[in-house]
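Trainee: Input file: work-v6.txt. Contents: compact mmCIF, C-alpha atoms.
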```
# COMPACT_ATOMS: atom_id res chain seq x y z
CA MET A 1 13.52 31.62 -4.90
CA ARG A 2 11.88 30.86 -1.59
CA THR A 3 11.54 27.32 -0.36
CA ARG A 4 9.52 26.87 2.75
CA VAL A 5 9.77 23.83 4.94
CA LEU A 6 7.16 24.62 7.46
CA ALA A 7 5.93 21.74 9.48
CA GLY A 8 4.28 18.40 9.37
CA ALA A 9 1.11 17.17 7.72
CA LYS A 10 -1.90 15.43 9.19
CA VAL A 11 -5.14 13.87 8.08
CA ALA A 12 -7.65 16.30 9.55
CA GLY A 13 -10.92 14.70 8.50
CA VAL A 14 -12.37 11.80 6.52
CA GLY A 15 -15.62 11.46 4.57
CA ALA A 16 -17.38 8.70 2.65
CA HIS A 17 -20.16 8.32 0.13
CA ARG A 18 -21.69 4.88 -0.35
CA PRO A 19 -24.29 4.57 -3.12
CA ALA A 20 -27.81 3.80 -1.93
CA LEU A 21 -28.23 1.03 -4.50
CA ARG A 22 -26.86 -2.36 -3.46
CA VAL A 23 -26.38 -5.55 -5.43
CA ASP A 24 -25.91 -8.89 -3.67
CA ASN A 25 -24.09 -11.96 -4.97
CA ILE A 26 -27.19 -13.87 -6.02
CA ALA A 27 -27.99 -11.58 -8.95
CA ILE A 28 -24.39 -11.72 -10.20
CA ALA A 29 -24.07 -15.46 -9.66
CA GLU A 30 -27.13 -16.20 -11.78
CA ARG A 31 -25.68 -14.38 -14.76
CA THR A 32 -22.19 -15.93 -14.50
CA GLU A 33 -23.14 -19.52 -13.59
CA SER A 34 -21.52 -18.96 -10.24
CA SER A 35 -22.87 -19.03 -6.69
CA ASP A 36 -23.02 -16.83 -3.60
CA ALA A 37 -20.77 -19.33 -1.78
CA TRP A 38 -18.19 -19.34 -4.59
CA ILE A 39 -18.02 -15.53 -4.65
CA ARG A 40 -17.69 -15.30 -0.86
CA ASP A 41 -15.04 -17.99 -0.83
CA ARG A 42 -13.06 -16.31 -3.61
CA SER A 43 -13.26 -12.73 -2.39
CA GLY A 44 -15.08 -12.35 0.92
CA ILE A 45 -17.55 -10.07 -0.86
CA VAL A 46 -21.18 -10.28 0.24
CA THR A 47 -22.63 -7.14 -1.29
CA ARG A 48 -21.49 -3.97 -3.05
CA GLY A 49 -22.71 -0.45 -3.73
CA VAL A 50 -23.69 0.49 -7.26
CA ALA A 51 -23.91 4.08 -8.43
CA ALA A 52 -27.25 5.05 -9.95
CA GLU A 53 -27.29 5.81 -13.66
CA ASP A 54 -27.32 9.55 -12.97
CA GLU A 55 -24.79 9.35 -10.09
CA SER A 56 -21.34 10.21 -11.50
CA VAL A 57 -17.75 9.93 -10.29
CA VAL A 58 -17.85 13.71 -9.77
CA ASP A 59 -21.17 13.56 -7.87
CA MET A 60 -19.84 10.94 -5.46
CA ALA A 61 -16.49 12.71 -5.08
CA THR A 62 -18.22 15.99 -4.27
CA ILE A 63 -20.36 14.41 -1.55
CA ALA A 64 -17.43 12.55 0.05
CA GLY A 65 -15.22 15.62 -0.24
CA GLY A 66 -17.84 17.83 1.41
CA LYS A 67 -18.14 15.38 4.30
CA ALA A 68 -14.35 15.28 4.77
CA LEU A 69 -14.22 19.10 4.85
CA ALA A 70 -16.99 19.18 7.45
CA ALA A 71 -15.21 16.54 9.57
CA ALA A 72 -11.98 18.53 9.39
CA GLY A 73 -13.68 21.86 10.06
CA VAL A 74 -11.97 23.30 6.99
CA ASP A 75 -13.65 25.79 4.70
CA ALA A 76 -13.49 24.95 1.00
CA THR A 77 -12.08 28.39 0.25
CA ASP A 78 -9.02 27.52 2.37
CA LEU A 79 -8.11 24.54 0.19
CA GLY A 80 -4.92 25.00 -1.82
CA LEU A 81 -5.31 21.85 -3.88
CA VAL A 82 -7.92 19.24 -4.77
CA LEU A 83 -6.61 15.84 -5.90
CA LEU A 84 -9.00 13.25 -7.31
CA ALA A 85 -7.77 9.68 -7.64
CA THR A 86 -9.91 7.80 -10.14
CA CYS A 87 -9.71 5.48 -13.12
CA SER A 88 -13.37 5.50 -14.06
CA MET A 89 -14.21 8.90 -15.48
CA PRO A 90 -16.38 8.41 -18.58
CA GLY A 91 -13.56 9.66 -20.85
CA PRO A 92 -9.93 10.77 -20.74
CA LEU A 93 -10.84 14.48 -20.61
CA PRO A 94 -11.62 16.47 -18.64
CA GLY A 95 -10.44 15.21 -15.29
CA GLY A 96 -13.07 15.27 -12.58
CA SER A 97 -11.20 17.33 -10.00
CA PRO A 98 -11.88 20.85 -11.40
CA GLU A 99 -15.64 20.27 -11.36
CA VAL A 100 -15.45 18.80 -7.85
CA ALA A 101 -13.44 21.82 -6.68
CA TYR A 102 -15.91 24.18 -8.38
CA ARG A 103 -18.95 22.51 -6.85
CA LEU A 104 -17.40 22.53 -3.37
CA GLY A 105 -16.52 26.20 -3.68
CA ALA A 106 -12.76 25.62 -3.51
CA SER A 107 -12.19 28.84 -5.40
CA ASN A 108 -8.55 29.25 -4.34
CA ALA A 109 -7.40 25.71 -5.09
CA GLY A 110 -5.57 23.99 -7.89
CA ALA A 111 -7.18 20.78 -9.10
CA SER A 112 -5.76 17.69 -10.71
CA ASP A 113 -6.63 14.03 -11.15
CA VAL A 114 -4.19 11.33 -10.07
CA GLY A 115 -4.11 8.18 -12.16
CA ALA A 116 -2.61 5.25 -10.29
CA GLY A 117 -5.48 2.77 -10.39
CA CYS A 118 -6.31 1.20 -7.07
CA ALA A 119 -3.17 2.75 -5.52
CA GLY A 120 -4.34 6.23 -6.51
CA PHE A 121 -5.55 7.39 -3.12
CA ALA A 122 -2.29 6.51 -1.36
CA TYR A 123 -0.30 8.24 -4.12
CA ALA A 124 -2.48 11.34 -3.87
CA LEU A 125 -2.21 11.33 -0.08
CA GLY A 126 1.59 11.23 -0.35
CA LEU A 127 1.59 14.12 -2.83
CA ALA A 128 -0.84 16.08 -0.66
CA ALA A 129 1.29 15.63 2.46
CA ASP A 130 4.37 16.84 0.59
CA ALA A 131 2.48 19.88 -0.75
CA VAL A 132 1.43 20.79 2.78
CA ARG A 133 4.92 20.23 4.23
CA THR A 134 6.60 22.44 1.65
CA GLY A 135 4.00 25.13 2.04
CA THR A 136 2.49 25.03 -1.44
CA ALA A 137 -0.87 24.42 0.20
CA GLU A 138 -2.19 24.73 3.73
CA HIS A 139 -5.02 22.26 3.18
CA VAL A 140 -5.42 19.66 0.44
CA LEU A 141 -8.54 17.64 -0.30
CA VAL A 142 -7.71 14.11 -1.43
CA ILE A 143 -10.55 12.08 -2.92
CA GLY A 144 -10.87 8.59 -4.35
CA SER A 145 -14.05 8.12 -6.40
CA GLU A 146 -14.98 5.29 -8.74
CA LYS A 147 -17.91 4.26 -10.90
CA LEU A 148 -16.50 0.99 -12.19
CA LEU A 149 -19.60 -1.09 -12.74
CA PRO A 150 -20.34 0.34 -16.22
CA MET A 151 -16.84 -0.82 -17.27
CA VAL A 152 -17.10 -4.34 -15.88
CA ASP A 153 -17.93 -7.27 -18.14
CA HIS A 154 -21.01 -8.57 -16.36
CA ASP A 155 -20.67 -11.96 -18.04
CA ASP A 156 -17.06 -12.52 -16.93
CA ARG A 157 -17.15 -15.00 -14.07
CA GLY A 158 -13.74 -13.85 -12.82
CA THR A 159 -14.43 -10.12 -12.43
CA ALA A 160 -18.21 -9.51 -12.54
CA PHE A 161 -18.55 -9.97 -8.78
CA LEU A 162 -15.44 -8.09 -7.72
CA PHE A 163 -16.09 -4.40 -8.15
CA GLY A 164 -18.24 -1.75 -6.53
CA ASP A 165 -18.84 1.99 -6.74
CA GLY A 166 -18.32 4.73 -4.16
CA ALA A 167 -16.14 7.58 -2.97
CA GLY A 168 -14.04 8.46 0.04
CA ALA A 169 -12.02 11.55 0.92
CA ALA A 170 -9.57 13.00 3.40
CA VAL A 171 -8.46 16.53 4.17
CA VAL A 172 -4.70 16.87 4.65
CA SER A 173 -3.73 19.90 6.72
CA ARG A 174 -0.60 21.60 7.98
CA SER A 175 0.35 20.39 11.43
CA VAL A 176 2.88 21.22 14.12
CA ASN A 177 3.54 17.53 14.65
CA GLU A 178 4.12 15.13 11.78
CA ALA A 179 1.14 12.79 11.56
CA ILE A 180 1.60 11.28 8.09
CA GLY A 181 4.57 9.00 7.58
CA PRO A 182 6.73 9.11 4.45
CA VAL A 183 5.01 7.50 1.49
CA VAL A 184 6.55 4.28 0.20
CA TRP A 185 5.84 3.79 -3.47
CA ALA A 186 6.81 1.16 -6.01
CA HIS A 187 5.86 -0.24 -9.39
CA ASP A 188 6.17 -3.36 -11.49
CA GLY A 189 5.59 -1.89 -14.93
CA ASP A 190 6.69 -5.16 -16.51
CA GLN A 191 3.20 -6.40 -15.63
CA HIS A 192 1.38 -3.42 -17.15
CA GLU A 193 -0.99 -5.66 -19.12
CA LYS A 194 -2.36 -7.50 -16.08
CA LEU A 195 -5.15 -5.03 -15.31
CA THR A 196 -6.50 -2.76 -18.02
CA ILE A 197 -9.50 -0.70 -19.04
CA HIS A 198 -9.51 -0.56 -22.85
CA GLY A 199 -11.85 -0.27 -25.79
CA SER A 200 -15.05 1.42 -26.77
CA PRO A 201 -17.07 1.14 -24.67
CA PRO A 202 -14.28 0.74 -22.08
CA ARG A 203 -14.02 -2.75 -20.61
CA LEU A 204 -12.06 -3.83 -17.57
CA ALA A 205 -9.87 -6.93 -17.96
CA MET A 206 -7.79 -8.50 -15.22
CA GLU A 207 -5.48 -11.46 -14.77
CA GLY A 208 -6.50 -12.07 -11.20
CA ARG A 209 -4.03 -14.82 -10.45
CA SER A 210 -1.02 -12.71 -11.47
CA ILE A 211 -2.23 -9.75 -9.42
CA PHE A 212 -2.86 -11.99 -6.43
CA ARG A 213 0.66 -13.37 -6.70
CA TRP A 214 2.27 -9.95 -7.05
CA ALA A 215 0.25 -8.44 -4.22
CA THR A 216 0.78 -11.25 -1.75
CA THR A 217 4.51 -11.48 -2.43
CA SER A 218 5.33 -7.75 -2.75
CA LEU A 219 3.15 -6.06 -0.17
CA PRO A 220 4.57 -7.48 3.06
CA ASP A 221 8.00 -5.93 2.44
CA LEU A 222 6.52 -2.62 1.27
CA CYS A 223 4.31 -2.49 4.37
CA ARG A 224 7.32 -3.12 6.61
CA ARG A 225 9.21 -0.32 4.86
CA ALA A 226 6.36 2.13 5.41
CA CYS A 227 6.46 1.35 9.13
CA VAL A 228 10.25 1.65 9.34
CA ASP A 229 10.11 5.00 7.53
CA ALA A 230 7.42 6.22 9.93
CA GLY A 231 9.49 5.06 12.89
CA ILE A 232 6.89 2.63 14.16
CA GLU A 233 6.94 -1.09 14.89
CA LEU A 234 4.41 -3.27 13.08
CA ALA A 235 3.37 -4.55 16.51
CA ASP A 236 2.32 -1.02 17.52
CA LEU A 237 -0.08 -0.47 14.61
CA LYS A 238 -3.66 -0.03 15.76
CA ALA A 239 -5.15 -0.72 12.35
CA PHE A 240 -4.24 -1.89 8.85
CA VAL A 241 -6.23 -0.53 5.92
CA PRO A 242 -5.03 -2.16 2.71
CA HIS A 243 -6.71 -1.48 -0.61
CA GLN A 244 -9.87 -3.57 -0.47
CA ALA A 245 -9.10 -5.69 -3.52
CA ASN A 246 -10.10 -9.08 -2.26
CA LEU A 247 -10.30 -10.47 1.28
CA ARG A 248 -7.99 -13.32 0.29
CA ILE A 249 -5.18 -10.86 -0.48
CA THR A 250 -5.79 -9.02 2.80
CA GLU A 251 -5.71 -12.24 4.85
CA SER A 252 -2.54 -13.43 3.10
CA VAL A 253 -0.72 -10.14 3.75
CA VAL A 254 -1.93 -9.99 7.37
CA LYS A 255 -0.59 -13.50 7.92
CA ALA A 256 2.75 -12.71 6.26
CA LEU A 257 3.17 -9.56 8.36
CA GLY A 258 2.26 -11.39 11.56
CA LEU A 259 0.13 -8.47 12.73
CA PRO A 260 -0.92 -8.72 16.38
CA GLU A 261 -4.55 -9.41 17.27
CA THR A 262 -4.75 -5.92 18.74
CA CYS A 263 -4.39 -4.51 15.21
CA VAL A 264 -7.79 -3.93 13.59
CA VAL A 265 -7.85 -5.05 9.96
CA ALA A 266 -10.19 -3.25 7.55
CA ARG A 267 -12.48 -5.71 5.76
CA ASP A 268 -14.84 -3.22 4.09
CA VAL A 269 -14.55 -5.25 0.86
CA VAL A 270 -17.19 -7.56 2.36
CA ASP A 271 -19.83 -4.81 2.11
CA SER A 272 -18.40 -2.55 -0.59
CA GLY A 273 -16.60 -4.80 -3.08
CA ASN A 274 -13.41 -3.54 -4.68
CA THR A 275 -13.92 0.19 -5.19
CA SER A 276 -10.41 0.81 -6.58
CA ALA A 277 -9.07 4.25 -5.58
CA ALA A 278 -12.05 4.81 -3.26
CA SER A 279 -11.49 1.69 -1.16
CA ILE A 280 -8.93 2.97 1.35
CA PRO A 281 -10.80 6.12 2.42
CA LEU A 282 -14.09 4.17 2.43
CA ALA A 283 -12.57 1.49 4.65
CA LEU A 284 -10.94 4.07 6.89
CA ALA A 285 -14.24 5.95 7.23
CA ARG A 286 -15.94 2.69 8.20
CA LEU A 287 -13.41 2.08 11.01
CA LEU A 288 -14.04 5.61 12.27
CA GLU A 289 -17.84 5.21 12.07
CA LEU A 290 -17.66 1.94 14.02
CA GLY A 291 -15.34 3.46 16.62
CA GLU A 292 -12.70 0.82 15.90
CA VAL A 293 -9.94 3.43 15.81
CA LYS A 294 -9.56 6.49 17.98
CA SER A 295 -7.70 9.78 17.83
CA GLY A 296 -3.93 9.36 17.80
CA ASP A 297 -3.97 5.74 16.64
CA PRO A 298 -1.30 4.84 14.07
CA VAL A 299 -2.84 3.18 11.02
CA LEU A 300 -1.07 1.71 7.99
CA LEU A 301 -2.70 2.44 4.62
CA PHE A 302 -1.52 0.56 1.54
CA GLY A 303 -2.81 0.76 -2.01
CA PHE A 304 -1.91 -1.46 -4.95
CA GLY A 305 -3.28 -2.24 -8.38
CA ALA A 306 -3.13 -1.56 -12.10
CA GLY A 307 0.22 -0.52 -13.50
CA LEU A 308 1.19 -2.45 -11.55
CA THR A 309 1.73 0.13 -8.89
CA ALA A 310 1.67 0.42 -5.13
CA ALA A 311 1.90 3.11 -2.45
CA GLY A 312 1.26 3.39 1.24
CA GLN A 313 1.99 5.24 4.45
CA VAL A 314 1.31 5.31 8.15
CA ILE A 315 -1.13 7.98 9.32
CA TYR A 316 -2.27 9.01 12.76
CA ILE A 317 -6.03 9.19 13.27
CA PRO A 318 -7.25 12.81 13.68
CA MET B 1 21.48 -31.49 -6.07
CA THR B 2 18.90 -33.23 -8.21
CA LEU B 3 15.49 -33.57 -6.63
CA THR B 4 13.86 -36.98 -6.81
CA GLN B 5 10.14 -37.42 -7.40
CA THR B 6 9.82 -38.75 -3.86
CA ASP B 7 11.51 -35.66 -2.39
CA ILE B 8 9.26 -33.37 -4.40
CA LEU B 9 6.09 -35.26 -3.48
CA SER B 10 6.84 -35.14 0.24
CA GLY B 11 7.91 -31.47 0.02
CA LEU B 12 4.72 -30.61 -1.85
CA ALA B 13 2.68 -32.42 0.80
CA GLU B 14 4.35 -30.29 3.49
CA VAL B 15 3.54 -27.12 1.56
CA LEU B 16 -0.09 -28.15 1.02
CA GLU B 17 -0.49 -28.96 4.71
CA GLU B 18 1.00 -25.61 5.70
CA VAL B 19 -0.82 -23.42 3.20
CA SER B 20 -4.19 -25.12 3.05
CA GLY B 21 -4.35 -27.78 5.78
CA VAL B 22 -4.44 -30.69 3.31
CA PRO B 23 -3.67 -34.01 5.11
CA ALA B 24 -0.45 -35.57 3.79
CA ASP B 25 -2.07 -38.92 3.00
CA LYS B 26 -4.35 -37.27 0.43
CA VAL B 27 -1.39 -35.92 -1.54
CA VAL B 28 -0.97 -38.64 -4.17
CA ARG B 29 -0.03 -38.23 -7.83
CA GLU B 30 -3.55 -38.78 -9.12
CA ALA B 31 -5.20 -36.26 -6.78
CA THR B 32 -6.60 -33.16 -8.51
CA PHE B 33 -5.95 -29.89 -6.71
CA GLU B 34 -9.36 -28.37 -7.25
CA ASN B 35 -11.68 -31.32 -6.66
CA ASP B 36 -9.79 -33.84 -4.54
CA LEU B 37 -7.74 -31.45 -2.39
CA GLU B 38 -10.09 -28.44 -2.54
CA VAL B 39 -7.23 -26.14 -3.46
CA ASP B 40 -8.67 -23.33 -5.59
CA SER B 41 -6.73 -21.22 -8.07
CA LEU B 42 -5.78 -18.50 -5.55
CA THR B 43 -4.61 -21.00 -2.94
CA MET B 44 -2.70 -22.68 -5.76
CA VAL B 45 -0.77 -19.43 -6.25
CA GLU B 46 0.23 -19.52 -2.58
CA VAL B 47 1.24 -23.17 -2.99
CA VAL B 48 3.51 -22.49 -5.97
CA VAL B 49 5.08 -19.45 -4.30
CA ALA B 50 5.93 -21.67 -1.32
CA CYS B 51 7.21 -24.39 -3.69
CA GLU B 52 9.46 -21.90 -5.48
CA GLU B 53 11.08 -21.09 -2.16
CA LYS B 54 11.28 -24.69 -1.00
CA PHE B 55 12.67 -26.18 -4.21
CA GLY B 56 14.56 -23.17 -5.59
CA VAL B 57 12.67 -23.23 -8.89
CA ARG B 58 10.63 -20.67 -10.84
CA ILE B 59 7.03 -21.57 -11.62
CA PRO B 60 5.44 -18.90 -13.87
CA ASP B 61 1.71 -18.17 -13.86
CA GLU B 62 1.33 -19.83 -17.26
CA ALA B 63 2.59 -23.11 -15.81
CA LEU B 64 -0.25 -23.10 -13.29
CA GLU B 65 -2.72 -23.60 -16.14
CA THR B 66 -1.28 -27.06 -16.77
CA MET B 67 -1.07 -28.20 -13.15
CA MET B 68 -4.31 -30.05 -12.60
CA THR B 69 -3.00 -32.92 -10.49
CA VAL B 70 -0.32 -33.43 -7.88
CA GLY B 71 1.56 -35.50 -10.48
CA ASP B 72 1.54 -32.55 -12.92
CA ALA B 73 3.11 -30.32 -10.27
CA VAL B 74 5.72 -32.90 -9.26
CA ASP B 75 6.74 -33.41 -12.90
CA TYR B 76 6.94 -29.66 -13.51
CA ILE B 77 9.07 -29.01 -10.43
CA GLU B 78 11.34 -31.94 -11.34
CA SER B 79 11.99 -30.60 -14.85
CA ALA B 80 12.33 -26.99 -13.61
CA GLY B 81 14.81 -28.21 -10.99
CA VAL B 82 16.97 -29.91 -13.65
CA SER B 83 17.12 -26.78 -15.80
CA ALA B 84 17.71 -24.46 -12.82
```
Will you turn the file into structure tokens for me?
Mentor:
Amino acid sequence: MRTRVLAGAKVAGVGAHRPALRVDNIAIAERTESSDAWIRDRSGIVTRGVAAEDESVVDMATIAGGKALAAAGVDATDLGLVLLATCSMPGPLPGGSPEVAYRLGASNAGASDVGAGCAGFAYALGLAADAVRTGTAEHVLVIGSEKLLPMVDHDDRGTAFLFGDGAGAAVVSRSVNEAIGPVVWAHDGDQHEKLTIHGSPPRLAMEGRSIFRWATTSLPDLCRRACVDAGIELADLKAFVPHQANLRITESVVKALGLPETCVVARDVVDSGNTSAASIPLALARLLELGEVKSGDPVLLFGFGAGLTAAGQVIYIP
Amino acid sequence: MTLTQTDILSGLAEVLEEVSGVPADKVVREATFENDLEVDSLTMVEVVVACEEKFGVRIPDEALETMMTVGDAVDYIESAGVSA
């Protein structure tokens, strides 16, 4: 048996796909006897992308994945693994990753979906980094893609405004220097019923207050652990990209961590809504597009959501 | 140590000031969180988490449903403190 411990792992490129269709708060507020101000106050969300009827999880994942490969300068045939984090495929089988890999031409790759709700991207990124470090793959494509709107109850005042569609991706590549910190992962399975997609047709249900409480009380310690494990001080972070669940959770965690003003905080939820497993790569891509982070910057990613489950790590910007 | 209603009321006022900037003189038993103090349900979660720490009691999510006024919260914390 040969075990290879070769080198480090790095994020080599990032890509995003935001649906062309947008829906603002007014349309949602009318249906739920709510208001634009109430939605903004509760979540920070102003608008969100909505996948077209014929725009699937796989379609969006393929576009975002292709952009990440181009940004990384990696050929699809050199991918050893394609991981798709999603919770919004139309049915339990098949997973979306084989079709994504096929369409991208990743003919030498394995393909698997990762189911960890809104924490899925951070879980997949951790698995990808380990696969690269141990030599089971030289390059791994990690994608988060979600089409949640068809599963949302559009008459539920508490959740109708919260979600959005989209996809984001990152290529993880072998690296001489380690540029992805150890993943910190955790769960609170006792609260498994707090966020579910059940039924036929599938409907999303969420106890927002419980999730808010768990997230705001659990995440600060988990975030500190991810920094300790990566050997970096919180004060030296250049950016913080939490899962874009709700701006209120982000602001609460930022306050609890006491992040310095020099640390850019991703607030993509304002324009994208909560896109579950896609939110971290979408928010990271936005920071890159706006030039708010530069090569070599340490950035803390942290996902959390249904399960309940959480995962995160420090990465260095390619 | 048993907490008195007065202790709890003043402690709750401190928490509300810290979490949501509510002036202490508005924190009276009859005040409703949502309308009088403009504390919405998410801020209320932050308030009860801070109260749990301050008073050493456990306030489950279900209990939040019944806490409409400052008086409701004071009474709940008082009874939770006795059983703790």
Trainee: At a cut-off of 10 Å, which residues of chain B touch chain A? Count only C-alpha atoms and give the answer as a PyMOL selection string.
Mentor: chain B and resi 40-46+48-49+60-62+64
Trainee: Mind giving me the straight-line distance from CA of Gly73 (chain A) to CA of Ile317 (chain A) in Å, one decimal?
Mentor: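 Spanning CA of Gly73 (chain A) to CA of Ile317 (chain A) is a straight-line distance of 15.1 Å.
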Trainee: Find the residues of region 193-293 of chain A that sit at most 10 Å from region 122-127 of chain A; for each, write down the nearest two atoms and how far apart they are in Å, to one decimal. Count all atoms listed in the file. Sort by chain, then by number going up, and give it as JSON lines.
Mentor:
```
{"residue": "A:Pro242", "atom": "CA", "partner": "A:Ala122", "partner_atom": "CA", "distance": 10.0}
{"residue": "A:His243", "atom": "CA", "partner": "A:Ala122", "partner_atom": "CA", "distance": 9.2}
{"residue": "A:Ala277", "atom": "CA", "partner": "A:Ala122", "partner_atom": "CA", "distance": 8.3}
{"residue": "A:Ile280", "atom": "CA", "partner": "A:Ala122", "partner_atom": "CA", "distance": 8.0}
{"residue": "A:Pro281", "atom": "CA", "partner": "A:Ala122", "partner_atom": "CA", "distance": 9.3}
```
Trainee: Can you list, as a VMD selection string, every protein, DNA or RNA residue that comes within 12 Å of Ile77 (chain B) when you count all atoms listed in the file, leaving out same-chain residues fewer than 6 positions away?
Mentor: chain B and resid 2 to 9 11 to 12 48 51 to 60 63 to 64 67 70 to 71 83 to 84
Trainee: In Å, with one decimal, what is the gap from CA of Val171 (chain A) to CA of Phe304 (chain A)?
Mentor: 21.2 Å
Trainee: List the spatial neighbours of Asp297 (chain A) as JSON, numbers by chain - criterion: any atom at most 8 Å away, all atoms listed in the file, same-chain residues fewer than 2 positions off excluded.
Mentor: {"A": [237, 238, 239, 293, 294, 295, 299, 316, 317]}
Trainee: For Asp190 (chain A), work out the shell of residues within 10 Å, counting all atoms listed in the file and skipping chain neighbours fewer than 4 positions away, then give it as a ChimeraX atom specification.
Mentor: /A:194,307-308
Trainee: Can you work out which one of A:Ala283, A:Ala52, A:Ala76, A:Leu300 has the shortest atom-to-atom distance to Arg225 (chain A), counting all atoms listed in the file?
Mentor: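 Result for the nearest residue to Arg225 (chain A): A:Leu300.
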Trainee: Would you mind telling me which residue in A:Arg267, A:Arg286, A:His198, A:Arg224 lies nearest to Val314 (chain A) when using only C-alpha atoms?
Mentor: A:Arg224
Trainee: Env of Gly181 (chain A): 12 Å cut, atoms = only C-alpha atoms, seq-sep filter 3 positions within chain, self excluded. Answer as a VMD selection string.
Mentor: chain A and resid 8 to 11 122 125 to 127 129 to 130 133 177 to 178 184 223 225 to 232 298 to 301 311 to 316
Trainee: Between A:Thr262, A:Ala310, A:Gly166, A:Leu79, which one has atoms that come closest to Asp221 (chain A), using only C-alpha atoms?
Mentor: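 Checking each of A:Thr262, A:Ala310, A:Gly166, A:Leu79 against Asp221 (chain A), counting only C-alpha atoms, the winner is A:Ala310.
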Trainee: With all atoms listed in the file as the atoms that count, which of B:Ala50, B:Thr66, B:Asp75, B:Ala80 lies nearest to Glu18 (chain B)?
Mentor: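 Looking only at the distances to Glu18 (chain B), the closest residue turns out to be B:Ala50.
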